[in-house]
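Student: Data: start.pdb, PDB, C-alpha atoms.
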ATOM      1  CA  MET A   1     103.949 126.275  33.776
ATOM      2  CA  LEU A   2     100.882 127.921  35.288
ATOM      3  CA  MET A   3     100.712 125.190  37.936
ATOM      4  CA  ALA A   4     104.139 126.142  39.238
ATOM      5  CA  LEU A   5     103.113 129.825  39.567
ATOM      6  CA  ARG A   6      99.948 129.286  41.616
ATOM      7  CA  GLU A   7     100.165 129.472  45.375
ATOM      8  CA  VAL A   8      99.445 126.351  47.405
ATOM      9  CA  THR A   9      97.276 127.296  50.389
ATOM     10  CA  PHE A  10      96.101 125.750  53.631
ATOM     11  CA  ASP A  11      92.647 125.527  52.058
ATOM     12  CA  ASP A  12      94.240 123.196  49.479
ATOM     13  CA  VAL A  13      95.641 121.057  52.305
ATOM     14  CA  CYS A  14      92.249 120.907  54.035
ATOM     15  CA  ALA A  15      90.535 119.954  50.777
ATOM     16  CA  ALA A  16      93.136 117.245  50.218
ATOM     17  CA  GLY A  17      92.504 115.898  53.700
ATOM     18  CA  GLY A  18      88.837 115.389  52.952
ATOM     19  CA  ARG A  19      89.511 113.959  49.509
ATOM     20  CA  ILE A  20      92.001 111.293  50.598
ATOM     21  CA  ALA A  21      90.690 110.378  54.073
ATOM     22  CA  GLU A  22      89.056 107.091  53.083
ATOM     23  CA  HIS A  23      92.090 106.019  51.040
ATOM     24  CA  ILE A  24      94.858 106.392  53.651
ATOM     25  CA  HIS A  25      95.614 105.691  57.307
ATOM     26  CA  ARG A  26      95.519 108.396  59.941
ATOM     27  CA  THR A  27      98.879 107.380  61.336
ATOM     28  CA  PRO A  28      99.669 107.320  65.069
ATOM     29  CA  VAL A  29     101.914 109.642  67.038
ATOM     30  CA  LEU A  30     104.396 107.812  69.280
ATOM     31  CA  THR A  31     106.469 109.065  72.195
ATOM     32  CA  SER A  32     109.371 107.716  74.254
ATOM     33  CA  GLU A  33     110.539 108.953  77.651
ATOM     34  CA  LEU A  34     114.045 107.653  76.981
ATOM     35  CA  LEU A  35     114.311 109.432  73.616
ATOM     36  CA  ASP A  36     113.031 112.588  75.319
ATOM     37  CA  GLN A  37     115.898 112.295  77.807
ATOM     38  CA  ILE A  38     118.410 111.829  74.990
ATOM     39  CA  ALA A  39     117.033 114.843  73.105
ATOM     40  CA  GLY A  40     116.461 117.096  76.099
ATOM     41  CA  ALA A  41     113.007 117.838  74.678
ATOM     42  CA  HIS A  42     109.544 116.312  74.331
ATOM     43  CA  LEU A  43     109.424 114.421  71.020
ATOM     44  CA  PHE A  44     106.282 113.442  69.117
ATOM     45  CA  PHE A  45     106.840 111.061  66.219
ATOM     46  CA  LYS A  46     104.255 111.096  63.388
ATOM     47  CA  CYS A  47     104.653 107.552  62.090
ATOM     48  CA  GLU A  48     104.195 107.652  58.331
ATOM     49  CA  ASN A  49     106.163 104.400  58.214
ATOM     50  CA  PHE A  50     102.799 102.858  59.193
ATOM     51  CA  GLN A  51     101.095 104.526  56.219
ATOM     52  CA  LYS A  52      99.675 102.642  53.252
ATOM     53  CA  THR A  53     102.546 101.803  50.840
ATOM     54  CA  GLY A  54     104.904 102.442  53.761
ATOM     55  CA  SER A  55     105.375 106.193  53.408
ATOM     56  CA  PHE A  56     103.722 109.612  53.394
ATOM     57  CA  LYS A  57     103.870 109.635  49.587
ATOM     58  CA  ILE A  58     100.446 108.007  49.295
ATOM     59  CA  ARG A  59      98.930 111.258  50.537
ATOM     60  CA  GLY A  60     100.142 113.434  47.682
ATOM     61  CA  ALA A  61      99.811 110.760  45.016
ATOM     62  CA  THR A  62      96.232 109.967  45.994
ATOM     63  CA  ASN A  63      95.242 113.627  46.101
ATOM     64  CA  ALA A  64      96.771 114.220  42.677
ATOM     65  CA  VAL A  65      95.125 111.175  41.067
ATOM     66  CA  LEU A  66      91.704 111.896  42.586
ATOM     67  CA  SER A  67      91.961 115.538  41.465
ATOM     68  CA  LEU A  68      92.235 114.533  37.777
ATOM     69  CA  SER A  69      89.151 114.945  35.623
ATOM     70  CA  GLU A  70      87.754 111.861  33.931
ATOM     71  CA  GLU A  71      89.144 113.110  30.617
ATOM     72  CA  ASP A  72      92.633 113.669  32.023
ATOM     73  CA  ALA A  73      92.673 110.385  33.934
ATOM     74  CA  ARG A  74      91.559 108.038  31.176
ATOM     75  CA  HIS A  75      95.043 107.524  29.687
ATOM     76  CA  GLY A  76      96.655 106.958  33.078
ATOM     77  CA  VAL A  77      99.567 108.610  34.842
ATOM     78  CA  VAL A  78     103.353 108.781  34.531
ATOM     79  CA  THR A  79     106.041 109.654  37.044
ATOM     80  CA  HIS A  80     109.714 109.177  37.830
ATOM     81  CA  SER A  81     110.721 108.169  41.335
ATOM     82  CA  SER A  82     113.354 106.257  43.279
ATOM     83  CA  GLY A  83     110.650 104.307  45.030
ATOM     84  CA  ASN A  84     108.152 105.652  47.548
ATOM     85  CA  HIS A  85     106.296 108.027  45.221
ATOM     86  CA  ALA A  86     106.398 105.322  42.564
ATOM     87  CA  ALA A  87     104.622 102.803  44.782
ATOM     88  CA  ALA A  88     102.189 105.425  46.026
ATOM     89  CA  LEU A  89     101.220 106.538  42.540
ATOM     90  CA  ALA A  90     100.871 102.948  41.354
ATOM     91  CA  ARG A  91      98.463 102.229  44.197
ATOM     92  CA  ALA A  92      96.492 105.442  43.715
ATOM     93  CA  ALA A  93      96.130 104.697  40.004
ATOM     94  CA  GLN A  94      95.140 101.108  40.716
ATOM     95  CA  ARG A  95      92.428 102.317  43.103
ATOM     96  CA  ARG A  96      91.054 104.607  40.397
ATOM     97  CA  GLY A  97      91.325 101.899  37.757
ATOM     98  CA  ILE A  98      93.809 103.639  35.481
ATOM     99  CA  PRO A  99      97.324 102.581  34.357
ATOM    100  CA  ALA A 100     100.527 103.903  35.906
ATOM    101  CA  TRP A 101     103.861 104.067  34.076
ATOM    102  CA  ILE A 102     106.763 104.473  36.486
ATOM    103  CA  VAL A 103     110.318 105.497  35.599
ATOM    104  CA  MET A 104     112.783 104.210  38.204
ATOM    105  CA  PRO A 105     116.579 104.532  38.319
ATOM    106  CA  SER A 106     118.422 101.264  37.863
ATOM    107  CA  ASN A 107     119.880 101.543  41.384
ATOM    108  CA  ALA A 108     116.511 101.906  43.129
ATOM    109  CA  PRO A 109     116.141  99.423  46.014
ATOM    110  CA  ALA A 110     114.719  96.074  44.956
ATOM    111  CA  VAL A 111     112.130  96.230  47.741
ATOM    112  CA  LYS A 112     110.741  99.453  46.267
ATOM    113  CA  LYS A 113     110.629  98.072  42.721
ATOM    114  CA  ALA A 114     108.741  95.042  44.035
ATOM    115  CA  ALA A 115     106.213  97.308  45.728
ATOM    116  CA  VAL A 116     105.541  99.208  42.491
ATOM    117  CA  GLU A 117     104.946  95.986  40.613
ATOM    118  CA  ALA A 118     102.676  94.673  43.369
ATOM    119  CA  TYR A 119     100.418  97.701  42.847
ATOM    120  CA  GLY A 120     100.280  97.161  39.096
ATOM    121  CA  GLY A 121     102.766  99.846  38.094
ATOM    122  CA  GLN A 122     104.644  99.320  34.826
ATOM    123  CA  ILE A 123     108.339 100.071  35.432
ATOM    124  CA  SER A 124     110.736 101.569  32.904
ATOM    125  CA  GLU A 125     114.296 101.600  34.224
ATOM    126  CA  CYS A 126     116.791 104.349  33.396
ATOM    127  CA  GLU A 127     120.258 105.520  34.341
ATOM    128  CA  PRO A 128     120.424 106.953  37.881
ATOM    129  CA  THR A 129     120.490 110.605  36.838
ATOM    130  CA  LEU A 130     117.782 113.250  36.925
ATOM    131  CA  ALA A 131     118.233 113.915  33.218
ATOM    132  CA  ALA A 132     117.665 110.245  32.382
ATOM    133  CA  ARG A 133     114.600 110.073  34.603
ATOM    134  CA  GLU A 134     113.049 113.147  33.015
ATOM    135  CA  SER A 135     113.789 112.152  29.422
ATOM    136  CA  THR A 136     112.400 108.646  29.940
ATOM    137  CA  ALA A 137     109.262 110.080  31.509
ATOM    138  CA  GLN A 138     108.811 112.495  28.596
ATOM    139  CA  GLU A 139     109.006 109.610  26.145
ATOM    140  CA  LEU A 140     106.321 107.722  28.079
ATOM    141  CA  LEU A 141     104.111 110.806  28.099
ATOM    142  CA  ARG A 142     104.420 111.122  24.333
ATOM    143  CA  ARG A 143     103.719 107.432  23.797
ATOM    144  CA  THR A 144     100.790 107.014  26.190
ATOM    145  CA  GLY A 145      99.046 110.378  26.374
ATOM    146  CA  ALA A 146      99.040 109.968  30.160
ATOM    147  CA  GLN A 147      99.232 112.725  32.771
ATOM    148  CA  MET A 148     102.498 113.534  34.537
ATOM    149  CA  ILE A 149     102.272 113.371  38.338
ATOM    150  CA  HIS A 150     105.618 114.767  39.429
ATOM    151  CA  PRO A 151     106.912 113.594  42.829
ATOM    152  CA  TYR A 152     106.965 117.140  44.211
ATOM    153  CA  ASP A 153     106.597 119.781  41.462
ATOM    154  CA  ASN A 154     102.812 119.525  41.641
ATOM    155  CA  ARG A 155     100.357 121.603  43.697
ATOM    156  CA  ASN A 156      98.053 118.685  44.458
ATOM    157  CA  VAL A 157     100.957 116.506  45.581
ATOM    158  CA  ILE A 158     102.218 119.229  47.927
ATOM    159  CA  ALA A 159      98.732 119.784  49.358
ATOM    160  CA  GLY A 160      98.344 116.065  49.983
ATOM    161  CA  GLN A 161     101.697 115.830  51.747
ATOM    162  CA  GLY A 162     100.674 118.685  54.036
ATOM    163  CA  THR A 163      97.927 116.535  55.543
ATOM    164  CA  ALA A 164     100.508 114.628  57.633
ATOM    165  CA  ALA A 165     101.502 117.795  59.487
ATOM    166  CA  MET A 166      97.857 118.850  59.723
ATOM    167  CA  GLU A 167      96.996 115.585  61.472
ATOM    168  CA  LEU A 168     100.006 115.865  63.772
ATOM    169  CA  LEU A 169      99.047 119.356  64.890
ATOM    170  CA  GLU A 170      95.435 118.282  65.388
ATOM    171  CA  ASP A 171      96.635 115.464  67.662
ATOM    172  CA  VAL A 172      99.396 117.334  69.527
ATOM    173  CA  ALA A 173      98.758 120.939  70.458
ATOM    174  CA  ASP A 174     101.295 123.714  70.883
ATOM    175  CA  LEU A 175     104.361 122.261  69.201
ATOM    176  CA  ASP A 176     107.380 124.549  69.278
ATOM    177  CA  PHE A 177     109.108 122.844  66.330
ATOM    178  CA  ILE A 178     108.085 120.544  63.517
ATOM    179  CA  LEU A 179     110.758 118.582  61.649
ATOM    180  CA  ALA A 180     110.443 116.910  58.252
ATOM    181  CA  PRO A 181     112.990 115.539  55.782
ATOM    182  CA  VAL A 182     113.646 117.475  52.600
ATOM    183  CA  SER A 183     114.616 116.239  49.156
ATOM    184  CA  GLY A 184     112.552 117.672  46.316
ATOM    185  CA  GLY A 185     110.663 119.616  48.958
ATOM    186  CA  GLY A 186     107.100 118.339  48.547
ATOM    187  CA  LEU A 187     106.693 117.076  52.110
ATOM    188  CA  LEU A 188     108.506 120.011  53.702
ATOM    189  CA  SER A 189     106.497 122.485  51.602
ATOM    190  CA  GLY A 190     103.188 120.928  52.597
ATOM    191  CA  THR A 191     104.348 120.687  56.203
ATOM    192  CA  ALA A 192     105.291 124.357  56.290
ATOM    193  CA  ILE A 193     102.013 125.479  54.718
ATOM    194  CA  ALA A 194      99.924 123.500  57.205
ATOM    195  CA  ALA A 195     102.051 124.215  60.257
ATOM    196  CA  LYS A 196     102.348 127.976  59.802
ATOM    197  CA  ALA A 197      98.597 128.254  59.143
ATOM    198  CA  MET A 198      97.679 126.259  62.238
ATOM    199  CA  ASN A 199     100.347 127.701  64.539
ATOM    200  CA  PRO A 200     102.110 130.851  63.267
ATOM    201  CA  LYS A 201     104.649 130.669  66.111
ATOM    202  CA  ILE A 202     105.905 127.177  65.256
ATOM    203  CA  ARG A 203     109.391 126.813  63.811
ATOM    204  CA  VAL A 204     109.541 124.611  60.727
ATOM    205  CA  ILE A 205     112.815 122.729  60.318
ATOM    206  CA  GLY A 206     113.893 120.847  57.212
ATOM    207  CA  CYS A 207     116.274 117.929  57.749
ATOM    208  CA  GLU A 208     118.720 116.767  55.114
ATOM    209  CA  PRO A 209     121.742 114.474  54.712
ATOM    210  CA  LYS A 210     125.002 116.412  54.728
ATOM    211  CA  ASN A 211     125.922 114.373  51.635
ATOM    212  CA  ALA A 212     122.826 115.675  49.802
ATOM    213  CA  ASP A 213     122.580 119.218  51.118
ATOM    214  CA  ASP A 214     121.261 121.185  48.150
ATOM    215  CA  ALA A 215     118.322 122.544  50.166
ATOM    216  CA  PHE A 216     120.674 123.777  52.895
ATOM    217  CA  ARG A 217     122.886 125.452  50.297
ATOM    218  CA  SER A 218     119.924 126.870  48.385
ATOM    219  CA  MET A 219     118.403 128.437  51.485
ATOM    220  CA  ALA A 220     121.796 129.908  52.398
ATOM    221  CA  SER A 221     122.513 131.360  48.954
ATOM    222  CA  GLY A 222     118.972 132.414  48.063
ATOM    223  CA  LYS A 223     119.055 130.541  44.745
ATOM    224  CA  LEU A 224     118.590 126.968  43.607
ATOM    225  CA  GLU A 225     121.815 125.044  44.055
ATOM    226  CA  PRO A 226     122.747 121.850  42.155
ATOM    227  CA  ALA A 227     122.627 118.399  43.673
ATOM    228  CA  ALA A 228     125.595 117.233  45.713
ATOM    229  CA  LYS A 229     127.849 114.633  44.094
ATOM    230  CA  ALA A 230     128.296 112.507  47.222
ATOM    231  CA  GLN A 231     126.072 109.505  47.883
ATOM    232  CA  THR A 232     123.815 108.988  50.891
ATOM    233  CA  ILE A 233     122.125 105.948  52.425
ATOM    234  CA  ALA A 234     118.960 108.073  52.532
ATOM    235  CA  ASP A 235     117.998 106.986  49.008
ATOM    236  CA  GLY A 236     114.691 108.858  49.124
ATOM    237  CA  LEU A 237     116.443 112.204  49.668
ATOM    238  CA  ARG A 238     118.574 112.448  46.540
ATOM    239  CA  ALA A 239     116.294 114.751  44.538
ATOM    240  CA  THR A 240     116.720 118.529  44.355
ATOM    241  CA  LEU A 241     114.333 121.395  44.970
ATOM    242  CA  CYS A 242     112.311 122.885  42.122
ATOM    243  CA  PRO A 243     111.248 126.549  41.780
ATOM    244  CA  LEU A 244     107.803 125.816  43.256
ATOM    245  CA  THR A 245     109.050 124.092  46.406
ATOM    246  CA  PHE A 246     111.982 126.472  46.818
ATOM    247  CA  SER A 247     109.635 129.471  46.825
ATOM    248  CA  ILE A 248     107.496 127.866  49.552
ATOM    249  CA  LEU A 249     110.513 126.929  51.654
ATOM    250  CA  ARG A 250     112.006 130.432  51.433
ATOM    251  CA  ASP A 251     108.740 131.943  52.708
ATOM    252  CA  ARG A 252     107.836 129.457  55.434
ATOM    253  CA  VAL A 253     110.778 127.288  56.555
ATOM    254  CA  ASP A 254     112.890 128.624  59.409
ATOM    255  CA  GLN A 255     116.061 126.583  58.909
ATOM    256  CA  ILE A 256     117.606 123.463  57.399
ATOM    257  CA  GLU A 257     119.550 121.042  59.618
ATOM    258  CA  THR A 258     121.956 118.506  58.134
ATOM    259  CA  VAL A 259     123.106 115.146  59.484
ATOM    260  CA  THR A 260     126.037 112.937  58.567
ATOM    261  CA  GLU A 261     125.760 109.360  57.364
ATOM    262  CA  ASP A 262     126.850 108.069  60.773
ATOM    263  CA  GLU A 263     124.242 110.249  62.453
ATOM    264  CA  ILE A 264     121.537 108.858  60.166
ATOM    265  CA  VAL A 265     122.489 105.317  61.159
ATOM    266  CA  SER A 266     122.550 106.316  64.823
ATOM    267  CA  ALA A 267     119.052 107.798  64.524
ATOM    268  CA  MET A 268     117.801 104.633  62.821
ATOM    269  CA  ARG A 269     119.191 102.485  65.605
ATOM    270  CA  ALA A 270     117.583 104.664  68.261
ATOM    271  CA  LEU A 271     114.177 104.564  66.571
ATOM    272  CA  TRP A 272     114.301 100.842  65.885
ATOM    273  CA  GLY A 273     115.595 100.065  69.368
ATOM    274  CA  ARG A 274     113.451 102.406  71.478
ATOM    275  CA  LEU A 275     110.223 102.859  69.525
ATOM    276  CA  LYS A 276     110.376  99.268  68.205
ATOM    277  CA  ILE A 277     109.460 100.381  64.690
ATOM    278  CA  VAL A 278     111.023 100.050  61.233
ATOM    279  CA  VAL A 279     112.110 103.434  59.866
ATOM    280  CA  GLU A 280     114.048 103.857  56.628
ATOM    281  CA  PRO A 281     117.147 106.092  56.477
ATOM    282  CA  SER A 282     115.228 108.947  54.825
ATOM    283  CA  GLY A 283     112.715 108.922  57.669
ATOM    284  CA  ALA A 284     115.422 108.770  60.318
ATOM    285  CA  VAL A 285     117.001 111.937  58.884
ATOM    286  CA  ALA A 286     114.134 113.976  60.359
ATOM    287  CA  ALA A 287     114.772 112.560  63.821
ATOM    288  CA  GLY A 288     118.537 113.038  63.649
ATOM    289  CA  PRO A 289     118.802 116.706  64.713
ATOM    290  CA  ALA A 290     116.444 116.206  67.666
ATOM    291  CA  LEU A 291     118.195 113.052  68.856
ATOM    292  CA  LEU A 292     121.487 114.940  68.656
ATOM    293  CA  GLY A 293     120.110 117.381  71.227
ATOM    294  CA  ARG A 294     119.957 120.385  68.929
ATOM    295  CA  PHE A 295     116.599 121.494  70.373
ATOM    296  CA  GLY A 296     117.350 120.724  74.008
ATOM    297  CA  ALA A 297     118.468 124.292  74.632
ATOM    298  CA  ALA A 298     114.838 125.373  74.296
ATOM    299  CA  LYS A 299     113.587 124.420  77.754
ATOM    300  CA  CYS A 300     110.841 121.767  77.623
ATOM    301  CA  ALA A 301     110.575 122.220  73.841
ATOM    302  CA  ARG A 302     107.811 120.222  72.174
ATOM    303  CA  VAL A 303     109.128 118.823  68.902
ATOM    304  CA  GLY A 304     107.025 117.116  66.243
ATOM    305  CA  ILE A 305     108.922 114.808  63.897
ATOM    306  CA  ILE A 306     107.538 113.324  60.695
ATOM    307  CA  LEU A 307     109.009 109.850  60.201
ATOM    308  CA  SER A 308     108.429 109.783  56.472
ATOM    309  CA  GLY A 309     108.634 106.069  55.691
ATOM    310  CA  GLY A 310     109.619 102.541  56.573
ATOM    311  CA  ASN A 311     110.453 100.953  53.233
ATOM    312  CA  VAL A 312     113.845  99.410  53.844
ATOM    313  CA  ASP A 313     115.458  96.297  52.416
ATOM    314  CA  LEU A 314     116.065  94.175  55.499
ATOM    315  CA  SER A 315     118.942  92.424  53.724
ATOM    316  CA  GLN A 316     120.735  95.756  53.203
ATOM    317  CA  LEU A 317     120.589  97.361  56.647
ATOM    318  CA  PRO A 318     123.370  99.906  57.351
ATOM    319  CA  PHE A 319     123.939  98.492  60.831
TER     320      PHE A 319
END
Output the file's structure in the form of structure tokens.

Tutor:
Amino acid sequence: MLMALREVTFDDVCAAGGRIAEHIHRTPVLTSELLDQIAGAHLFFKCENFQKTGSFKIRGATNAVLSLSEEDARHGVVTHSSGNHAAALARAAQRRGIPAWIVMPSNAPAVKKAAVEAYGGQISECEPTLAARESTAQELLRRTGAQMIHPYDNRNVIAGQGTAAMELLEDVADLDFILAPVSGGGLLSGTAIAAKAMNPKIRVIGCEPKNADDAFRSMASGKLEPAAKAQTIADGLRATLCPLTFSILRDRVDQIETVTEDEIVSAMRALWGRLKIVVEPSGAVAAGPALLGRFGAAKCARVGIILSGGNVDLSQLPF
């Protein structure tokens, strides 16, 4: 696809920022002296759990929907997603007045399915495999004539996701590190594009569950690696990189850090208990390496952390 071959630039991120500004929140950056002591570094948490629809995904979905021409938009949009992108796309489509058909795996959290329906999205369930998601989406595309808005294999989605890091670096100068979770790579790609453009010396760190470590393995081997077979409580981080995101990560991301399931829970507890905010497991993954002290060796390091979302089923907490 030509879209997958075109470079995503910082100019794209800046344009996305202007396009979506009136449709999203500029989320706050929180700090905690106690968490700084635990980490041995100065931590700055970009709270996308306070974002509209409860996650950063509204940024990319809104940019993609608003970038469609009237002709392309008139039949609506289709996507497949385990939850956060699904809700974000449903809301973005609702705001533009077009339909949204959403393919969700049967094991997607009930709270995320409810959010999609609340925004007017029409859900088609499928088996919890990537192949099933893609085939169901293709059938919807054939039936509706709608436009596919992929969760991460889309230039406009990546540019929109990069606006979170852009805002963080506008609010907090001279970060030494910026951490973001990685799954399909849309957020980390956008983060890396924005961060390296605004501060070439910053180190961009992707954070991933050890049970879903395809990005870690792909960066190590230099080729796309298949998804891990193990399950993770970070349900939003079960996707795999695509050629577009992998190419961006190889060029701009400095390393991938992994965390165990117990470490994810520990990070959640620390964020809930000390920042007094609701963060979902996928969002806590980005905080895990810092809270484990992995950046404390860099004296007085300033670490930006993108807490990607707060959509968690309170009846299914892992602690």

Student: Counting all atoms listed in the file, select every polymer residue within 12 Å of (119.1, 112.4, 34.9) as defined in the file's coordinates, and provide the selection as a ChimeraX atom specification.

Tutor: /A:80-82,103-106,125-137,227,238-240

Student: Which one is closest to Ala180 (chain A): A:Ile205, A:Leu241, A:Ala212, A:Val279? Count only C-alpha atoms.

Tutor: A:Ile205

Student: Quick one: which residues end up in the PyMOL selection byres ((chain A and resi 170) around 12) for this structure, as a PyMOL selection string?

Tutor: chain A and resi 26+28-29+46+163-169+171-175+194-195+198-199+304

Student: List the residues selected by the PyMOL selection byres ((chain A and resi 114-119) around 9) in the file shown, writing them as an NGL selection string.

Tutor: :A and (53 or 83-84 or 86-94 or 102 or 109-113 or 120-123)

Student: May I ask for the distance between CA of Phe56 (chain A) and CA of Arg250 (chain A), given in Å to one decimal place?

Tutor: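 Straight-line distance from CA of Phe56 (chain A) to CA of Arg250 (chain A) works out to 22.5 Å.
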
Student: What's the 7 Å shell around Ala230 (chain A), counting only C-alpha atoms, without same-chain residues fewer than 2 positions away, as a PyMOL selection string?

Tutor: chain A and resi 211-212+228+232

Student: Determine, counting all atoms listed in the file, which protein, DNA and RNA residues have an atom within 8 Å of an atom of Leu187 (chain A); residues of the same chain fewer than 3 positions away are not included. Present the result as a short mmCIF file (atom, residue, chain, number, x, y, z; two decimals) with C-alpha atoms, keeping the file's coordinate frame.

Tutor:
data_model
loop_
_atom_site.label_atom_id
_atom_site.label_comp_id
_atom_site.auth_asym_id
_atom_site.auth_seq_id
_atom_site.Cartn_x
_atom_site.Cartn_y
_atom_site.Cartn_z
CA TYR A 152 106.96 117.14 44.21
CA ILE A 158 102.22 119.23 47.93
CA GLN A 161 101.70 115.83 51.75
CA GLY A 162 100.67 118.68 54.04
CA ALA A 180 110.44 116.91 58.25
CA PRO A 181 112.99 115.54 55.78
CA VAL A 182 113.65 117.48 52.60
CA GLY A 190 103.19 120.93 52.60
CA THR A 191 104.35 120.69 56.20
#

Student: Translate the PyMOL selection byres ((chain A and resi 202) around 8) into a concrete residue list for this structure, as a list in words.

Tutor: Leu175, Asp176, Phe177, Ile178, Ala195, Lys196, Asn199, Pro200, Lys201, Arg203 and Val204 of chain A

Student: What is the distance between CA of Lys57 (chain A) and CA of His85 (chain A), in Å to one decimal?

Tutor: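 Distance reported for this atom pair: 5.2 Å.
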
Student: With a distance cut-off of 12 Å and only C-alpha atoms, select the neighbouring residues of Asp36 (chain A), excluding the residue or stretch itself and same-chain residues fewer than 2 positions from it, and output the selection as a list in words.

Tutor: Leu30, Thr31, Ser32, Glu33, Leu34, Ile38, Ala39, Gly40, Ala41, His42, Leu43, Phe44, Phe45, Ala270, Leu271, Arg274, Leu275, Ala287, Ala290, Leu291, Leu292, Gly293, Phe295, Gly296, Cys300, Ala301, Arg302, Val303 and Gly304 of chain A

Student: Would you mind reading off the distance between CA of Ser282 (chain A) and CA of Lys210 (chain A), one decimal, in Å?

Tutor: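 CA of Lys210 (chain A) lies 12.3 Å from CA of Ser282 (chain A).
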
Student: Just checking: using only C-alpha atoms, which residue out of A:Cys47, A:Leu140, A:Val13, A:Ile24 ends up closest to Thr62 (chain A)?

Tutor: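 Checking each of A:Cys47, A:Leu140, A:Val13, A:Ile24 against Thr62 (chain A), counting only C-alpha atoms, the winner is A:Ile24.
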
Student: Which residue out of A:Gly309, A:Pro281, A:Gly17, A:Gly222 has the minimum interatomic distance to Asp235 (chain A) when only C-alpha atoms are used?

Tutor: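 Checking each of A:Gly309, A:Pro281, A:Gly17, A:Gly222 against Asp235 (chain A), counting only C-alpha atoms, the winner is A:Pro281.
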
Student: List the neighbours of Gln147 (chain A) out to 8 Å using only C-alpha atoms; skip same-chain residues closer than 4 positions along the sequence, and give me the result as a list in words.

Tutor: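 What passes the distance filter is Asp72, Ala73, His75, Gly76, Val77, Val78 and Leu141 of chain A.
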
Student: Can you tell me which residues surround region 284-286 of chain A at a distance of at most 8 Å, considering all atoms listed in the file, apart from same-chain residues fewer than 5 positions away, and format the answer as an NGL selection string?

Tutor: :A and (179-181 or 206-209 or 234 or 259 or 264-265 or 267-268 or 271 or 279 or 305-307)

Student: Return the single residue from A:Leu314, A:Cys242, A:Ala100, A:Ala159 that is closest to Ser218 (chain A), with distances computed using only C-alpha atoms.

Tutor: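 Of A:Leu314, A:Cys242, A:Ala100, A:Ala159, the one nearest Ser218 (chain A), counting only C-alpha atoms, is A:Cys242.
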
Student: Taking all atoms listed in the file into account, which of A:Gly160, A:Pro243, A:Lys229, A:Gly288 comes nearest Cys14 (chain A)?

Tutor: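 Of A:Gly160, A:Pro243, A:Lys229, A:Gly288, the one nearest Cys14 (chain A) is A:Gly160, counting all atoms listed in the file.
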
Student: With all atoms listed in the file as the atoms that count, which of A:Arg95, A:Arg217, A:Arg6, A:Arg74 lies nearest to Glu22 (chain A)?

Tutor: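 For Glu22 (chain A), the nearest of the candidates is A:Arg95.
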
Student: Each side padded by 3 Å, which centre and which edge lengths in Å (one decimal) define the axis-aligned box around the listed atoms of region 285-304 of chain A? Give them as lines of an AutoDock Vina configuration file.

Tutor:
center_x = 114.3
center_y = 118.7
center_z = 68.3
size_x = 20.5
size_y = 19.4
size_z = 24.9

Student: Keeping just C-alpha atoms, export region 38-73 of chain A of this structure as a PDB file, in the first residue's frame.

Tutor:
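Resulting contents of result35.pdb:
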ATOM      1  CA  ILE A  38      11.059   4.903  44.386  1.00  0.00           C
ATOM      2  CA  ALA A  39      12.341   5.404  40.831  1.00  0.00           C
ATOM      3  CA  GLY A  40      15.489   7.330  41.694  1.00  0.00           C
ATOM      4  CA  ALA A  41      14.522   9.814  38.974  1.00  0.00           C
ATOM      5  CA  HIS A  42      12.149  12.702  38.294  1.00  0.00           C
ATOM      6  CA  LEU A  43       8.971  11.267  36.745  1.00  0.00           C
ATOM      7  CA  PHE A  44       6.414  13.194  34.698  1.00  0.00           C
ATOM      8  CA  PHE A  45       3.199  11.319  33.971  1.00  0.00           C
ATOM      9  CA  LYS A  46       1.208  12.371  30.869  1.00  0.00           C
ATOM     10  CA  CYS A  47      -2.278  11.309  31.932  1.00  0.00           C
ATOM     11  CA  GLU A  48      -4.080  10.048  28.849  1.00  0.00           C
ATOM     12  CA  ASN A  49      -6.345   8.118  31.217  1.00  0.00           C
ATOM     13  CA  PHE A  50      -8.082  11.509  31.590  1.00  0.00           C
ATOM     14  CA  GLN A  51      -8.531  11.768  27.814  1.00  0.00           C
ATOM     15  CA  LYS A  52     -11.889  11.649  26.059  1.00  0.00           C
ATOM     16  CA  THR A  53     -12.959   7.976  25.700  1.00  0.00           C
ATOM     17  CA  GLY A  54     -10.419   7.190  28.427  1.00  0.00           C
ATOM     18  CA  SER A  55      -7.302   6.748  26.304  1.00  0.00           C
ATOM     19  CA  PHE A  56      -4.874   8.343  23.859  1.00  0.00           C
ATOM     20  CA  LYS A  57      -6.602   6.515  20.996  1.00  0.00           C
ATOM     21  CA  ILE A  58      -9.026   9.390  20.426  1.00  0.00           C
ATOM     22  CA  ARG A  59      -6.112  11.416  19.078  1.00  0.00           C
ATOM     23  CA  GLY A  60      -5.297   9.139  16.162  1.00  0.00           C
ATOM     24  CA  ALA A  61      -8.887   8.151  15.452  1.00  0.00           C
ATOM     25  CA  THR A  62     -10.053  11.760  15.345  1.00  0.00           C
ATOM     26  CA  ASN A  63      -7.188  12.825  13.098  1.00  0.00           C
ATOM     27  CA  ALA A  64      -7.887   9.953  10.716  1.00  0.00           C
ATOM     28  CA  VAL A  65     -11.645  10.598  10.540  1.00  0.00           C
ATOM     29  CA  LEU A  66     -11.241  14.361  10.086  1.00  0.00           C
ATOM     30  CA  SER A  67      -8.634  13.763   7.360  1.00  0.00           C
ATOM     31  CA  LEU A  68     -11.137  11.839   5.187  1.00  0.00           C
ATOM     32  CA  SER A  69     -12.627  13.654   2.220  1.00  0.00           C
ATOM     33  CA  GLU A  70     -16.390  14.038   2.092  1.00  0.00           C
ATOM     34  CA  GLU A  71     -16.523  11.363  -0.611  1.00  0.00           C
ATOM     35  CA  ASP A  72     -14.458   8.889   1.409  1.00  0.00           C
ATOM     36  CA  ALA A  73     -16.314   9.587   4.651  1.00  0.00           C
TER      37      ALA A  73
END
